[in-house]
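Note: the block below is query26.csv and it holds CSV, C-alpha atoms and all ligand atoms.
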chain,number,residue,atom,x,y,z
A,116,MET,CA,170.3,36.6,67.7
A,117,LEU,CA,172.7,39.0,66.0
A,118,GLY,CA,173.0,39.5,62.3
A,119,LYS,CA,169.4,38.8,61.4
A,120,ILE,CA,168.3,39.7,57.9
A,121,ALA,CA,164.9,41.3,57.3
A,122,LEU,CA,163.4,41.6,53.9
A,123,GLU,CA,159.9,43.0,53.9
A,124,GLU,CA,160.8,46.4,55.2
A,125,ALA,CA,159.1,49.4,53.6
A,126,PHE,CA,160.1,53.0,52.8
A,127,ALA,CA,158.2,55.8,51.2
A,128,LEU,CA,159.4,58.8,49.2
A,129,PRO,CA,159.5,62.0,51.3
A,130,ARG,CA,157.6,63.9,48.6
A,131,PHE,CA,154.6,61.7,49.0
A,132,GLN,CA,153.7,62.8,52.6
A,133,GLU,CA,150.0,63.2,51.8
A,134,LYS,CA,149.7,59.7,50.2
A,135,THR,CA,151.7,58.2,53.0
A,136,ARG,CA,149.4,59.8,55.6
A,137,TRP,CA,146.3,58.6,53.8
A,138,TRP,CA,147.7,55.0,53.7
A,139,ALA,CA,148.9,55.2,57.3
A,140,GLY,CA,145.4,56.4,58.3
A,141,LEU,CA,144.0,53.0,57.1
A,142,PHE,CA,146.4,50.9,59.2
A,143,ALA,CA,148.4,52.9,61.8
A,144,THR,CA,147.2,54.0,65.2
A,145,ASP,CA,149.9,56.7,65.4
A,146,VAL,CA,150.0,58.3,62.0
A,147,ASP,CA,152.8,60.8,62.7
A,148,LYS,CA,155.1,58.1,64.0
A,149,HIS,CA,154.4,55.8,61.1
A,150,VAL,CA,155.0,58.6,58.6
A,151,ALA,CA,158.3,59.5,60.3
A,152,GLU,CA,159.4,55.8,60.4
A,153,ILE,CA,158.5,54.9,56.8
A,154,THR,CA,160.1,58.1,55.4
A,155,ASP,CA,163.4,57.6,57.3
A,156,VAL,CA,166.1,55.6,55.6
A,157,ASP,CA,168.7,56.3,58.2
A,158,SER,CA,169.0,56.6,61.9
A,159,ILE,CA,165.5,55.6,63.1
A,160,ARG,CA,165.6,52.2,61.5
A,161,LEU,CA,169.3,51.7,62.1
A,162,ASN,CA,168.8,52.3,65.8
A,163,TYR,CA,166.0,49.8,66.0
A,164,ALA,CA,168.2,47.3,64.1
A,165,GLU,CA,171.1,47.9,66.4
A,166,LYS,CA,168.9,47.3,69.4
A,167,HIS,CA,167.2,44.2,68.1
A,168,GLY,CA,170.1,42.4,66.3
A,169,VAL,CA,169.1,43.0,62.7
A,170,GLY,CA,172.2,43.1,60.6
A,171,LEU,CA,170.8,43.7,57.2
A,172,GLN,CA,167.5,45.2,56.1
A,173,ILE,CA,166.5,44.7,52.4
A,174,LEU,CA,164.3,47.7,51.8
A,175,SER,CA,161.4,48.0,49.4
A,176,TYR,CA,158.9,50.7,48.3
A,177,THR,CA,155.7,50.6,50.3
A,178,ALA,CA,152.4,49.3,49.0
A,179,PRO,CA,150.4,50.0,46.9
A,180,GLY,CA,153.2,52.0,45.3
A,181,VAL,CA,153.7,51.8,41.6
A,182,GLN,CA,151.2,49.0,41.3
A,183,ASP,CA,148.5,51.7,42.1
A,184,ILE,CA,149.4,53.8,39.0
A,185,TRP,CA,147.5,52.9,35.9
A,186,ASP,CA,149.2,55.3,33.5
A,187,PRO,CA,152.1,53.2,32.2
A,188,LYS,CA,154.4,56.2,31.6
A,189,ASP,CA,153.8,57.7,35.1
A,190,ALA,CA,154.3,54.3,36.7
A,191,GLN,CA,157.6,53.8,34.9
A,192,ALA,CA,158.9,57.3,35.8
A,193,LEU,CA,158.0,56.8,39.4
A,194,ALA,CA,159.7,53.3,39.6
A,195,VAL,CA,162.9,54.8,38.2
A,196,GLU,CA,162.8,57.7,40.6
A,197,ILE,CA,162.3,55.4,43.6
A,198,ASN,CA,165.1,53.1,42.5
A,199,ASP,CA,167.6,55.9,42.0
A,200,TYR,CA,166.6,57.4,45.4
A,201,ILE,CA,166.9,54.2,47.4
A,202,ALA,CA,170.2,53.2,45.6
A,203,GLU,CA,171.7,56.4,47.0
A,204,ARG,CA,170.4,55.7,50.5
A,205,VAL,CA,171.7,52.1,50.5
A,206,GLN,CA,175.1,53.2,49.3
A,207,ALA,CA,175.4,55.3,52.5
A,208,HIS,CA,175.2,52.1,54.6
A,209,PRO,CA,176.1,49.2,52.4
A,210,ASP,CA,176.7,46.8,55.3
A,211,ARG,CA,173.3,47.6,56.9
A,212,PHE,CA,170.9,48.2,54.0
A,213,ALA,CA,170.2,46.6,50.7
A,214,ALA,CA,167.2,47.0,48.3
A,215,PHE,CA,164.7,45.4,46.1
A,216,ALA,CA,163.8,47.1,42.8
A,217,THR,CA,160.5,48.8,42.4
A,218,LEU,CA,158.9,48.0,39.0
A,219,SER,CA,156.2,49.3,36.9
A,220,MET,CA,154.4,46.1,35.8
A,221,HIS,CA,152.5,47.4,32.7
A,222,ASP,CA,154.9,45.9,30.3
A,223,PRO,CA,157.0,42.8,30.8
A,224,ASN,CA,159.9,44.0,28.7
A,225,GLU,CA,160.1,47.3,30.4
A,226,ALA,CA,159.9,45.7,33.8
A,227,ALA,CA,162.7,43.3,32.8
A,228,GLN,CA,164.9,46.2,31.7
A,229,GLU,CA,164.4,48.2,34.9
A,230,LEU,CA,165.1,45.1,37.0
A,231,ARG,CA,168.3,44.5,35.0
A,232,ARG,CA,169.4,48.1,35.4
A,233,CYS,CA,168.9,48.0,39.2
A,234,VAL,CA,170.7,44.7,39.6
A,235,THR,CA,173.6,45.4,37.4
A,236,LYS,CA,174.1,49.1,38.1
A,237,TYR,CA,173.1,49.2,41.8
A,238,GLY,CA,173.5,45.7,43.0
A,239,PHE,CA,169.8,45.4,44.1
A,240,LEU,CA,169.0,41.9,45.4
A,241,GLY,CA,165.8,41.3,43.3
A,242,ALA,CA,162.4,43.0,43.1
A,243,LEU,CA,159.3,43.5,45.2
A,244,VAL,CA,156.0,43.9,43.5
A,245,ASN,CA,152.7,44.7,45.1
A,246,ASP,CA,150.5,42.0,43.6
A,247,THR,CA,148.6,43.0,40.4
A,248,GLN,CA,149.3,46.1,38.4
A,249,ARG,CA,146.3,48.5,38.2
A,250,ALA,CA,145.7,49.3,34.5
A,251,GLY,CA,143.1,50.5,32.0
A,252,VAL,CA,141.7,54.0,31.5
A,253,ASP,CA,140.3,54.2,35.0
A,254,GLY,CA,142.6,51.9,36.8
A,255,ASP,CA,139.9,49.2,37.1
A,256,ASP,CA,141.8,46.5,35.1
A,257,MET,CA,144.4,44.3,36.8
A,258,ILE,CA,147.5,42.9,35.2
A,259,PHE,CA,148.5,39.4,36.5
A,260,TYR,CA,151.9,38.0,35.8
A,261,ASP,CA,150.9,34.4,35.6
A,262,ASN,CA,150.5,34.1,31.8
A,263,GLU,CA,153.0,33.4,29.0
A,264,LYS,CA,153.3,37.1,28.1
A,265,TRP,CA,155.3,37.5,31.3
A,266,ASP,CA,157.8,34.8,30.6
A,267,VAL,CA,160.3,37.3,29.2
A,268,PHE,CA,160.3,39.0,32.6
A,269,TRP,CA,160.6,35.8,34.5
A,270,GLN,CA,163.5,34.7,32.2
A,271,THR,CA,165.2,37.9,33.2
A,272,CYS,CA,164.8,37.2,36.9
A,273,THR,CA,166.3,33.7,36.4
A,274,GLU,CA,169.1,35.0,34.2
A,275,LEU,CA,170.0,37.6,36.7
A,276,ASP,CA,169.5,35.0,39.4
A,277,VAL,CA,167.4,37.2,41.7
A,278,PRO,CA,164.1,36.4,43.4
A,279,LEU,CA,160.9,38.4,43.3
A,280,TYR,CA,158.9,39.2,46.4
A,281,LEU,CA,155.2,39.1,45.7
A,282,HIS,CA,153.8,41.5,48.2
A,283,PRO,CA,150.1,42.4,48.7
A,284,ARG,CA,148.3,45.6,47.8
A,285,ASN,CA,144.8,46.8,48.6
A,286,PRO,CA,141.8,45.8,46.5
A,287,THR,CA,140.6,48.6,44.3
A,288,GLY,CA,137.9,49.5,41.8
A,289,THR,CA,135.1,47.1,41.0
A,290,ILE,CA,136.7,44.3,43.1
A,291,TYR,CA,136.7,46.6,46.1
A,292,GLU,CA,133.1,47.7,45.5
A,293,LYS,CA,131.8,44.2,45.0
A,294,LEU,CA,133.7,42.2,47.6
A,295,TRP,CA,135.1,44.5,50.3
A,296,ALA,CA,133.2,47.8,50.5
A,297,ASP,CA,130.6,46.3,52.9
A,298,ARG,CA,133.2,44.5,54.9
A,299,LYS,CA,136.0,47.1,55.0
A,300,TRP,CA,137.6,45.9,58.2
A,301,LEU,CA,138.8,42.8,56.4
A,302,VAL,CA,140.9,44.8,53.9
A,303,GLY,CA,144.6,44.3,54.6
A,304,PRO,CA,146.2,41.8,56.9
A,305,PRO,CA,143.0,40.2,58.3
A,306,LEU,CA,142.0,38.8,54.9
A,307,SER,CA,142.3,40.7,51.6
A,308,PHE,CA,146.1,40.8,51.4
A,309,ALA,CA,146.4,37.0,51.7
A,310,GLN,CA,143.6,36.4,49.3
A,311,GLY,CA,145.1,38.6,46.6
A,312,VAL,CA,148.6,37.2,46.8
A,313,SER,CA,147.6,33.6,47.2
A,314,LEU,CA,145.4,33.9,44.1
A,315,HIS,CA,148.3,35.3,42.2
A,316,ALA,CA,150.9,32.8,43.4
A,317,LEU,CA,148.7,29.8,42.8
A,318,GLY,CA,147.8,31.3,39.4
A,319,MET,CA,151.5,31.2,38.7
A,320,VAL,CA,151.7,27.5,39.8
A,321,THR,CA,148.7,26.3,37.9
A,322,ASN,CA,149.4,28.4,34.7
A,323,GLY,CA,152.8,26.8,34.3
A,324,VAL,CA,155.1,29.8,35.2
A,325,PHE,CA,157.4,27.5,37.2
A,326,ASP,CA,157.3,24.7,34.7
A,327,ARG,CA,158.5,27.1,32.0
A,328,ASN,CA,160.9,28.9,34.4
A,329,PRO,CA,162.1,26.1,36.7
A,330,LYS,CA,164.8,28.3,38.4
A,331,LEU,CA,162.4,31.1,39.3
A,332,GLN,CA,162.3,32.1,43.0
A,333,ILE,CA,159.3,33.8,44.4
A,334,ILE,CA,159.0,35.0,48.0
A,335,LEU,CA,155.7,35.2,49.9
A,336,GLY,CA,155.4,37.1,53.1
A,337,HIS,CA,153.2,36.6,56.2
A,338,LEU,CA,154.1,32.9,56.5
A,339,GLY,CA,152.9,32.1,53.0
A,340,GLU,CA,149.6,34.1,52.8
A,341,HIS,CA,147.5,31.2,54.1
A,342,ILE,CA,148.7,28.7,51.5
A,343,PRO,CA,150.7,26.4,53.9
A,344,PHE,CA,147.6,25.9,56.0
A,345,ASP,CA,145.8,24.7,52.9
A,346,MET,CA,148.7,22.6,51.5
A,347,TRP,CA,147.1,19.2,52.0
A,348,ARG,CA,143.8,20.3,50.6
A,349,ILE,CA,145.3,22.1,47.6
A,350,ASN,CA,147.6,19.1,46.9
A,351,HIS,CA,144.6,16.7,47.2
A,352,TRP,CA,142.5,18.6,44.7
A,353,PHE,CA,145.4,19.2,42.3
A,354,GLU,CA,146.6,15.6,42.3
A,355,ASP,CA,143.4,13.6,42.7
A,356,ARG,CA,140.9,15.7,40.7
A,357,LYS,CA,142.2,18.8,38.8
A,358,LYS,CA,145.1,17.0,37.1
A,359,LEU,CA,142.8,14.3,35.8
A,360,LEU,CA,140.6,17.1,34.4
A,361,GLY,CA,143.4,18.9,32.5
A,362,LEU,CA,145.6,20.7,35.1
A,363,GLN,CA,148.4,18.3,34.3
A,364,GLU,CA,149.0,20.1,31.0
A,365,THR,CA,150.3,23.3,32.6
A,366,CYS,CA,151.3,22.1,36.1
A,367,LYS,CA,153.6,19.1,36.0
A,368,LYS,CA,154.8,19.0,39.6
A,369,THR,CA,153.0,18.9,42.9
A,370,ILE,CA,152.3,22.0,45.0
A,371,ARG,CA,154.8,20.7,47.6
A,372,GLU,CA,157.5,20.4,44.9
A,373,TYR,CA,156.9,24.1,43.8
A,374,PHE,CA,157.3,25.1,47.5
A,375,ALA,CA,160.5,23.1,47.8
A,376,GLN,CA,162.0,24.4,44.5
A,377,ASN,CA,160.5,27.8,43.7
A,378,LEU,CA,158.7,29.4,46.7
A,379,TRP,CA,159.9,30.9,49.9
A,380,ILE,CA,157.9,32.3,52.8
A,381,THR,CA,158.8,34.9,55.4
A,382,THR,CA,157.7,35.6,58.9
A,383,SER,CA,156.8,39.2,58.1
A,384,GLY,CA,153.9,40.4,60.3
A,385,HIS,CA,153.2,36.9,61.6
A,386,PHE,CA,154.9,36.3,64.9
A,387,SER,CA,153.3,33.1,66.2
A,388,THR,CA,155.4,30.1,67.2
A,389,PRO,CA,152.7,27.5,66.6
A,390,THR,CA,152.2,28.9,63.1
A,391,LEU,CA,156.0,28.9,62.5
A,392,HIS,CA,156.3,25.3,63.7
A,393,PHE,CA,153.4,24.4,61.4
A,394,CYS,CA,155.1,26.0,58.5
A,395,MET,CA,158.4,24.2,59.3
A,396,THR,CA,156.5,21.0,59.0
A,397,GLU,CA,154.6,21.9,55.8
A,398,VAL,CA,157.2,24.0,54.0
A,399,GLY,CA,160.5,23.2,55.8
A,400,ALA,CA,162.9,25.4,57.7
A,401,ASP,CA,165.1,25.6,54.6
A,402,ARG,CA,162.5,27.8,52.8
A,403,ILE,CA,161.6,30.1,55.6
A,404,LEU,CA,163.1,33.6,56.0
A,405,PHE,CA,162.9,35.9,59.0
A,406,SER,CA,161.3,39.3,58.3
A,407,ILE,CA,159.5,42.1,60.2
A,408,ASP,CA,157.2,44.1,58.0
A,409,TYR,CA,158.4,47.4,59.4
A,410,PRO,CA,157.0,49.9,60.0
A,411,PHE,CA,153.5,48.3,59.8
A,412,GLU,CA,154.9,46.0,62.5
A,413,ASN,CA,157.7,46.9,64.9
A,414,PHE,CA,161.2,45.5,65.5
A,415,SER,CA,160.6,44.4,69.1
A,416,ASP,CA,157.4,42.4,68.4
A,417,ALA,CA,159.2,40.6,65.6
A,418,CYS,CA,162.7,40.2,67.1
A,419,ASP,CA,161.9,39.5,70.7
A,420,TRP,CA,159.5,36.8,69.5
A,421,PHE,CA,161.9,35.3,67.0
A,422,ASP,CA,164.9,35.4,69.4
A,423,SER,CA,163.1,33.6,72.1
A,424,ALA,CA,160.9,31.3,70.0
A,425,GLU,CA,161.3,27.6,70.7
A,426,LEU,CA,163.7,26.6,67.9
A,427,SER,CA,166.9,24.7,67.6
A,428,ASP,CA,170.0,26.8,67.2
A,429,ILE,CA,170.4,25.5,63.7
A,430,ASP,CA,166.8,26.4,62.6
A,431,ARG,CA,167.1,29.8,64.2
A,432,LEU,CA,170.3,30.5,62.3
A,433,LYS,CA,168.8,29.2,59.0
A,434,ILE,CA,165.6,31.2,59.3
A,435,GLY,CA,167.2,34.2,60.9
A,436,ARG,CA,170.0,34.7,58.3
A,437,GLU,CA,171.6,31.7,56.7
A,438,ASN,CA,168.8,30.9,54.2
A,439,ALA,CA,168.7,34.5,53.1
A,440,LYS,CA,172.5,34.6,52.8
A,441,LYS,CA,172.3,31.7,50.3
A,442,LEU,CA,169.3,33.0,48.4
A,443,PHE,CA,170.8,36.4,47.9
A,444,LYS,CA,174.4,35.2,47.7
A,445,LEU,CA,175.4,37.8,50.3
A,446,GLY,CA,178.9,38.8,51.3
A,447,ALA,CA,179.7,40.2,54.7
A,448,TYR,CA,177.3,42.6,56.4
A,449,LYS,CA,177.0,43.8,60.0
A,450,ASP,CA,177.2,40.8,62.4
A,451,SER,CA,176.8,38.4,59.4
A,452,ASN,CA,178.8,35.8,61.3
A,453,ALA,CA,178.3,36.8,64.9
A,501,LIG,C1,152.4,46.3,54.1
A,501,LIG,O1,153.2,45.4,54.4
A,501,LIG,O2,152.5,47.0,53.1
A,501,LIG,C2,151.2,46.6,55.0
A,501,LIG,C3,150.4,47.6,54.7
A,501,LIG,C4,149.4,47.9,55.5
A,501,LIG,C5,149.1,47.1,56.7
A,501,LIG,C6,150.0,46.1,56.9
A,501,LIG,C7,151.0,45.8,56.1
A,501,LIG,O3,150.7,48.4,53.6
A,501,LIG,O4,151.8,44.8,56.4

Take the structure in this file and express it as structure tokens.
Ligand code: GRE
Amino acid sequence: MLGKIALEEAFALPRFQEKTRWWAGLFATDVDKHVAEITDVDSIRLNYAEKHGVGLQILSYTAPGVQDIWDPKDAQALAVEINDYIAERVQAHPDRFAAFATLSMHDPNEAAQELRRCVTKYGFLGALVNDTQRAGVDGDDMIFYDNEKWDVFWQTCTELDVPLYLHPRNPTGTIYEKLWADRKWLVGPPLSFAQGVSLHALGMVTNGVFDRNPKLQIILGHLGEHIPFDMWRINHWFEDRKKLLGLQETCKKTIREYFAQNLWITTSGHFSTPTLHFCMTEVGADRILFSIDYPFENFSDACDWFDSAELSDIDRLKIGRENAKKLFKLGAYKDSNA
């Protein structure tokens, strides 16, 4: 399929070669190739896109990124630097690249302001945040965005009418020591990423973020970070037990209604037809968006799979590009109507 849109596509700042190598060493089998791919915002990924029918790539700063920086001033300075950098790269290929804002999430007002700057000045399509923000004197605290303090930020998202992609980051500090240090192979895609993001997303659901901000749109990668598989069980416990015990006060709708009205899932890093079909049943083809997760995954695995997956033409178009066109209110881009 031509003109696919991909929206969990990472880049790194060239000046962070060392950090990029360290992170790549945890996940990539060919570190040099990974570093070259993630630092390129030009011909390497444009060539892959050309070959595999990706029309538009919505780029975002790699994990753990600014969420790893517990000094608020340093975090804000880096976010601004990243946004100014990627704005320039996107402007060089506006029909092929777009961007999500990178945000320091120490302070809801500051995050809202930087999001507003990126959307109004640069035309960014929303923001991507790597789960909780590290904070505190030694980085061992974690800021969640699922409490009322963050409503000012969520109001800005809805006012600007842009979604936020809630992306994973690695467990750190005490949480890493207590839960993951002795089972380090489960850090990342096998388990920790989905656990972190699903906790945060379901925290937003149960703490009333979507009731207070009914227009808010949140995107989850990796076919929903395990939540669709548990939909029946979550719904059963919310509706039949927890709401009778008090959850009703902060969470008026059902989990399925939040998925229909506020949540989106992408295929990033999860190229399985049975799982996609399952998600189409549980979440619906109207809320699923194609994505790759480049360069942690590659274009051919994602695109060859998606282009030949057993799907109706209508569903392939919806998931491959039409849903994203509507969500991001996109104009023409390369092969947008091919
Ligand atoms: C990511 O999307 O950021 C990511 C990593 C490491 C491994 C896999 C992955 O940072 O998808």

Atomic distance atom CA of A:Ile334 - atom CA of A:Trp379, expressed in Å with one decimal: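 Distance reported for this atom pair: 4.6 Å.
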
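With a cut-off of 8 Å and using all atoms listed in the file, the polymer residues contacting ligand LIG 501 (chain A) are A:Glu123, A:Glu124, A:Ala125, A:Trp138, A:Ala139, A:Leu141, A:Phe142, A:Ala143, A:Thr177, A:Ala178, A:Pro179, A:His282, A:Pro283, A:Arg284, A:Asn285, A:Gly303, A:Pro304, A:Ser383, A:Gly384, A:Asp408, A:Tyr409, A:Phe411, A:Glu412.
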
Tell me which protein, DNA and RNA residues are within 10 Å of A:Thr365, counting only C-alpha atoms, leaving out same-chain ones fewer than 2 positions away, and put them as a PDB file with C-alpha atoms, in the coordinates of the input.
ATOM      1  CA  VAL A 320     151.700  27.500  39.800  1.00  0.00           C
ATOM      2  CA  THR A 321     148.700  26.300  37.900  1.00  0.00           C
ATOM      3  CA  ASN A 322     149.400  28.400  34.700  1.00  0.00           C
ATOM      4  CA  GLY A 323     152.800  26.800  34.300  1.00  0.00           C
ATOM      5  CA  VAL A 324     155.100  29.800  35.200  1.00  0.00           C
ATOM      6  CA  PHE A 325     157.400  27.500  37.200  1.00  0.00           C
ATOM      7  CA  ASP A 326     157.300  24.700  34.700  1.00  0.00           C
ATOM      8  CA  ARG A 327     158.500  27.100  32.000  1.00  0.00           C
ATOM      9  CA  LYS A 358     145.100  17.000  37.100  1.00  0.00           C
ATOM     10  CA  GLY A 361     143.400  18.900  32.500  1.00  0.00           C
ATOM     11  CA  LEU A 362     145.600  20.700  35.100  1.00  0.00           C
ATOM     12  CA  GLN A 363     148.400  18.300  34.300  1.00  0.00           C
ATOM     13  CA  LYS A 367     153.600  19.100  36.000  1.00  0.00           C
ATOM     14  CA  LYS A 368     154.800  19.000  39.600  1.00  0.00           C
TER      15      LYS A 368
END

Which residue of A:Cys418, A:Thr388, A:Asp189, A:Pro410 approaches A:Asp145 most closely, using only C-alpha atoms: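 Checking each of A:Cys418, A:Thr388, A:Asp189, A:Pro410 against A:Asp145, counting only C-alpha atoms, the winner is A:Pro410.
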
Length of the atom CA of A:Glu229 to atom CA of A:Leu378 vector [Å]: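 If I compute the distance from atom CA of A:Glu229 to atom CA of A:Leu378, I get 22.9 Å.
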
May I have a table of the residues of stretch 266-334 of chain A lying at most 6 Å from stretch 241-262 of chain A, giving each one's closest pair of atoms and their distance in Å to one decimal, counting only C-alpha atoms, ordered by chain and ascending residue number, as a Markdown table?
| residue | atom | partner | partner_atom | distance |
| --- | --- | --- | --- | --- |
| A:Val277 | CA | A:Gly241 | CA | 4.7 |
| A:Pro278 | CA | A:Gly241 | CA | 5.2 |
| A:Leu279 | CA | A:Ala242 | CA | 4.8 |
| A:Tyr280 | CA | A:Leu243 | CA | 4.5 |
| A:Leu281 | CA | A:Val244 | CA | 5.3 |
| A:His282 | CA | A:Asn245 | CA | 4.6 |
| A:Pro283 | CA | A:Asn245 | CA | 5.0 |
| A:Arg284 | CA | A:Asn245 | CA | 5.2 |
| A:Gly288 | CA | A:Asp255 | CA | 5.1 |
| A:Gly318 | CA | A:Asp261 | CA | 5.8 |
| A:Met319 | CA | A:Asp261 | CA | 4.5 |

Using all atoms listed in the file: which of A:Gly446, A:Pro223, A:Gly339, A:Pro286 has the shortest distance to A:Glu263: A:Pro223

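Using only C-alpha atoms for every distance, the candidate list A:Gly168, A:Gly238, A:Gly180, A:Gly140 yields A:Gly238 as the residue closest to A:Leu445.
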
Residue nearest A:Ala439 - candidates A:Cys394, A:Ala190, A:Leu240, A:Met220, atoms counted: all atoms listed in the file: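 Going through A:Cys394, A:Ala190, A:Leu240, A:Met220 one by one, the smallest distance to A:Ala439 is for A:Leu240.
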
Best match for closeness to A:Arg436 among A:Ser423, A:Asp450, A:His392, A:Leu174, counting all atoms listed in the file: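 Answer, going by the shortest atom-to-atom distance: A:Asp450.
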
Point-to-point distance in Å for atom CA of A:Lys134 and atom CA of A:Phe239: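 Computed distance, atom CA of A:Phe239 to atom CA of A:Lys134, equals 25.4 Å.
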
Top pick for closest residue to A:Ala216, considering A:Ile153, A:Leu360, A:Cys272, A:Val267 and counting only C-alpha atoms: A:Cys272

Protein, DNA and RNA residues within 8 Å of (139.4, 45.0, 48.9), only C-alpha atoms, as number ranges by chain: A: 285-287, 290-292, 294-296, 299, 301-303, 307
